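Engineer: File follows, model.txt with compact mmCIF, C-alpha atoms and all ligand atoms:
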```txt
# COMPACT_ATOMS: atom_id res chain seq x y z
CA MET A 1 81.69 125.94 93.18
CA SER A 2 83.31 129.04 94.46
CA ASN A 3 81.97 132.29 95.71
CA GLY A 4 83.45 135.32 97.37
CA ASN A 5 82.71 134.07 100.88
CA VAL A 6 84.72 130.91 100.37
CA GLU A 7 87.67 132.92 99.12
CA LYS A 8 87.49 135.23 102.12
CA ALA A 9 87.31 132.33 104.53
CA ILE A 10 90.31 130.71 102.89
CA LEU A 11 92.34 133.88 103.03
CA ALA A 12 91.49 134.27 106.70
CA GLU A 13 92.64 130.72 107.39
CA MET A 14 95.84 130.98 105.41
CA GLY A 15 97.75 132.44 108.32
CA LYS A 16 96.97 129.59 110.65
CA PRO A 17 99.46 126.76 111.06
CA ARG A 18 96.65 124.26 110.90
CA SER A 19 93.29 124.73 109.33
CA GLY A 20 90.51 122.23 108.82
CA LEU A 21 89.06 124.36 106.08
CA ILE A 22 92.32 124.51 104.15
CA ASP A 23 92.81 120.78 104.61
CA ARG A 24 89.35 120.14 103.25
CA VAL A 25 89.57 122.35 100.21
CA THR A 26 93.10 121.30 99.28
CA ARG A 27 92.11 117.65 99.14
CA HIS A 28 90.68 118.19 95.71
CA ASN A 29 91.73 121.68 94.89
CA GLN A 30 94.75 123.86 94.92
CA ILE A 31 94.89 127.41 96.12
CA LEU A 32 96.33 129.78 93.62
CA MET A 33 96.66 133.32 94.83
CA HIS A 34 96.63 135.88 92.10
CA ASN A 35 95.42 139.34 91.45
CA TYR A 36 94.54 138.98 87.83
CA LYS A 37 91.96 141.41 86.66
CA GLN A 38 90.81 139.21 83.83
CA SER A 39 90.50 135.52 83.18
CA VAL A 40 93.77 133.93 82.18
CA ALA A 41 94.32 130.45 80.82
CA ARG A 42 97.13 128.60 82.45
CA SER A 43 98.73 125.23 82.36
CA CYS A 44 99.05 123.32 85.62
CA GLU A 45 100.86 120.16 86.49
CA CYS A 46 98.87 117.38 88.09
CA GLN A 47 99.61 117.40 91.83
CA LEU A 48 99.35 113.67 92.12
CA LEU A 49 102.73 112.29 93.07
CA GLY A 50 104.34 110.77 90.01
CA CYS A 51 101.80 111.93 87.45
CA PRO A 52 103.53 113.74 84.61
CA ARG A 53 100.41 115.19 83.07
CA SER A 54 99.48 118.79 82.88
CA PHE A 55 96.09 120.32 82.34
CA SER A 56 94.74 123.75 81.65
CA ILE A 57 92.72 125.90 83.97
CA ILE A 58 91.23 129.33 83.66
CA LEU A 59 92.25 131.71 86.41
CA VAL A 60 89.26 133.82 87.27
CA PRO A 61 89.49 137.16 89.07
CA ASN A 62 88.80 136.86 92.81
CA GLN A 63 88.86 133.10 92.72
CA VAL A 64 91.64 131.15 94.42
CA LEU A 65 90.38 127.56 94.27
CA TYR A 66 91.27 125.49 91.25
CA PRO A 67 91.42 121.82 90.36
CA LYS A 68 94.52 120.15 91.61
CA TYR A 69 94.64 117.05 89.46
CA CYS A 70 94.57 116.33 85.77
CA GLU A 71 91.31 115.14 84.23
CA ALA A 72 92.35 111.52 84.71
CA HIS A 73 92.79 111.95 88.45
CA ARG A 74 89.83 114.03 89.56
CA SER A 75 88.31 111.12 91.47
CA GLU A 76 89.61 109.67 94.71
CA PHE A 77 89.31 106.17 93.30
CA ARG A 78 91.50 106.87 90.31
CA ARG A 79 94.11 108.58 92.44
CA GLN A 80 94.27 105.69 94.87
CA ASN A 81 94.60 103.33 91.95
CA PHE A 82 97.40 105.36 90.49
CA LEU A 83 99.21 105.67 93.79
CA ARG A 84 98.96 101.97 94.44
CA GLY A 85 100.63 101.31 91.14
CA PHE A 86 103.14 104.04 91.75
CA SER A 87 104.25 103.26 95.24
CA GLY A 88 103.12 99.71 95.78
CA GLN A 89 101.28 100.73 98.92
CA PRO A 90 98.07 102.65 99.53
CA ALA A 91 99.69 105.46 101.43
CA VAL A 92 98.12 108.86 101.64
CA TYR A 93 100.26 111.67 100.43
CA ARG A 94 99.57 115.08 101.79
CA VAL A 95 100.85 117.58 99.32
CA GLU A 96 100.78 121.21 100.25
CA THR A 97 99.63 123.18 97.31
CA PHE A 98 99.81 126.85 97.75
CA ARG A 99 101.39 129.18 95.32
CA VAL A 100 101.48 132.87 94.81
CA LEU A 101 101.17 133.95 91.26
CA THR A 102 102.40 137.24 90.02
CA GLU A 103 100.65 139.53 87.62
CA PRO A 104 100.83 138.10 84.11
CA GLU A 105 103.46 139.71 81.99
CA SER A 106 102.20 142.08 79.38
CA PRO A 107 101.99 140.35 76.04
CA PRO A 108 105.24 140.53 74.09
CA SER A 109 105.29 143.52 71.85
CA THR A 110 105.37 142.67 68.20
CA GLY A 111 108.09 144.46 66.32
CA ALA A 112 109.98 147.46 67.59
ZN ZN B 1 97.22 113.20 87.02
```
Translate the structure described by the file into structure tokens.
Structural biologist:
Amino acid sequence: MSNGNVEKAILAEMGKPRSGLIDRVTRHNQILMHNYKQSVARSCECQLLGCPRSFSIILVPNQVLYPKYCEAHRSEFRRQNFLRGFSGQPAVYRVETFRVLTEPESPPSTGA
């Protein structure tokens, strides 16, 4: 779903205190800044309040948008359902998801 223009637009909006674009994309996605030069698999925790699940994503070079919720919570309906059970009221939680990732550590050397 992502192309270089989207990433550029997001980066340009990052500095603003309030951005409609950021609000829109972070409804279903999280922004993960990284400068990986190759695809890296990574485990992410579901951003839905109270969900203990984690899921794996592949970080792709020059891409900053990634799924924010585990497979069970990718749809609005399922999230609302979960939140209703969790909190007892259909409140909307706005969770800021923005993280800066550092370069992956070089793989551990085997032996001396
Ligand atoms: Zn979840």
Engineer: If you measure from CA of Cys46 in chain A to CA of Thr26 in chain A, what distance in Å do you get, rounded to one decimal?
Structural biologist: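 Computing it gives 13.2 Å between the two atoms.
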Engineer: So which residues are near ligand ZN 1 (chain B), meaning at most 10 Å away with only C-alpha atoms and all ligand atoms counted, given back as a ChimeraX atom specification?
Structural biologist: /A:45-55,68-74,78-79,82
Engineer: With a distance cut-off of 7 Å and all atoms listed in the file, select the neighbouring residues of Asn29 in chain A, excluding the residue or stretch itself and same-chain residues fewer than 5 positions from it, and output the selection as a ChimeraX atom specification.
Structural biologist: /A:65-68
Engineer: Could you jot down the CA of Ala41 in chain A to CA of Glu76 in chain A separation for me, Å, one decimal place?
Structural biologist: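 Calculated distance between CA of Ala41 in chain A and CA of Glu76 in chain A is 25.4 Å.
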Engineer: One decimal, in Å: what's the spacing between CA of Pro17 in chain A and CA of His34 in chain A?
Structural biologist: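 Calculated distance between CA of Pro17 in chain A and CA of His34 in chain A is 21.2 Å.
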Engineer: Out of A:Leu21, A:Leu59, A:Ala9, A:Met14, which residue has the shortest atom-to-atom distance to Asn35 in chain A when counting all atoms listed in the file?
Structural biologist: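 Ranked by minimum distance to Asn35 in chain A, first place goes to A:Leu59.
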Engineer: Put the listed atoms of range 48-52 of chain A in a box along x, y and z with 4 Å added on every side and give me the centre and edge lengths in Å to one decimal, as JSON.
Structural biologist:
```
{"center_x": 101.8, "center_y": 112.3, "center_z": 88.8, "size_x": 13.0, "size_y": 11.0, "size_z": 16.5}
```
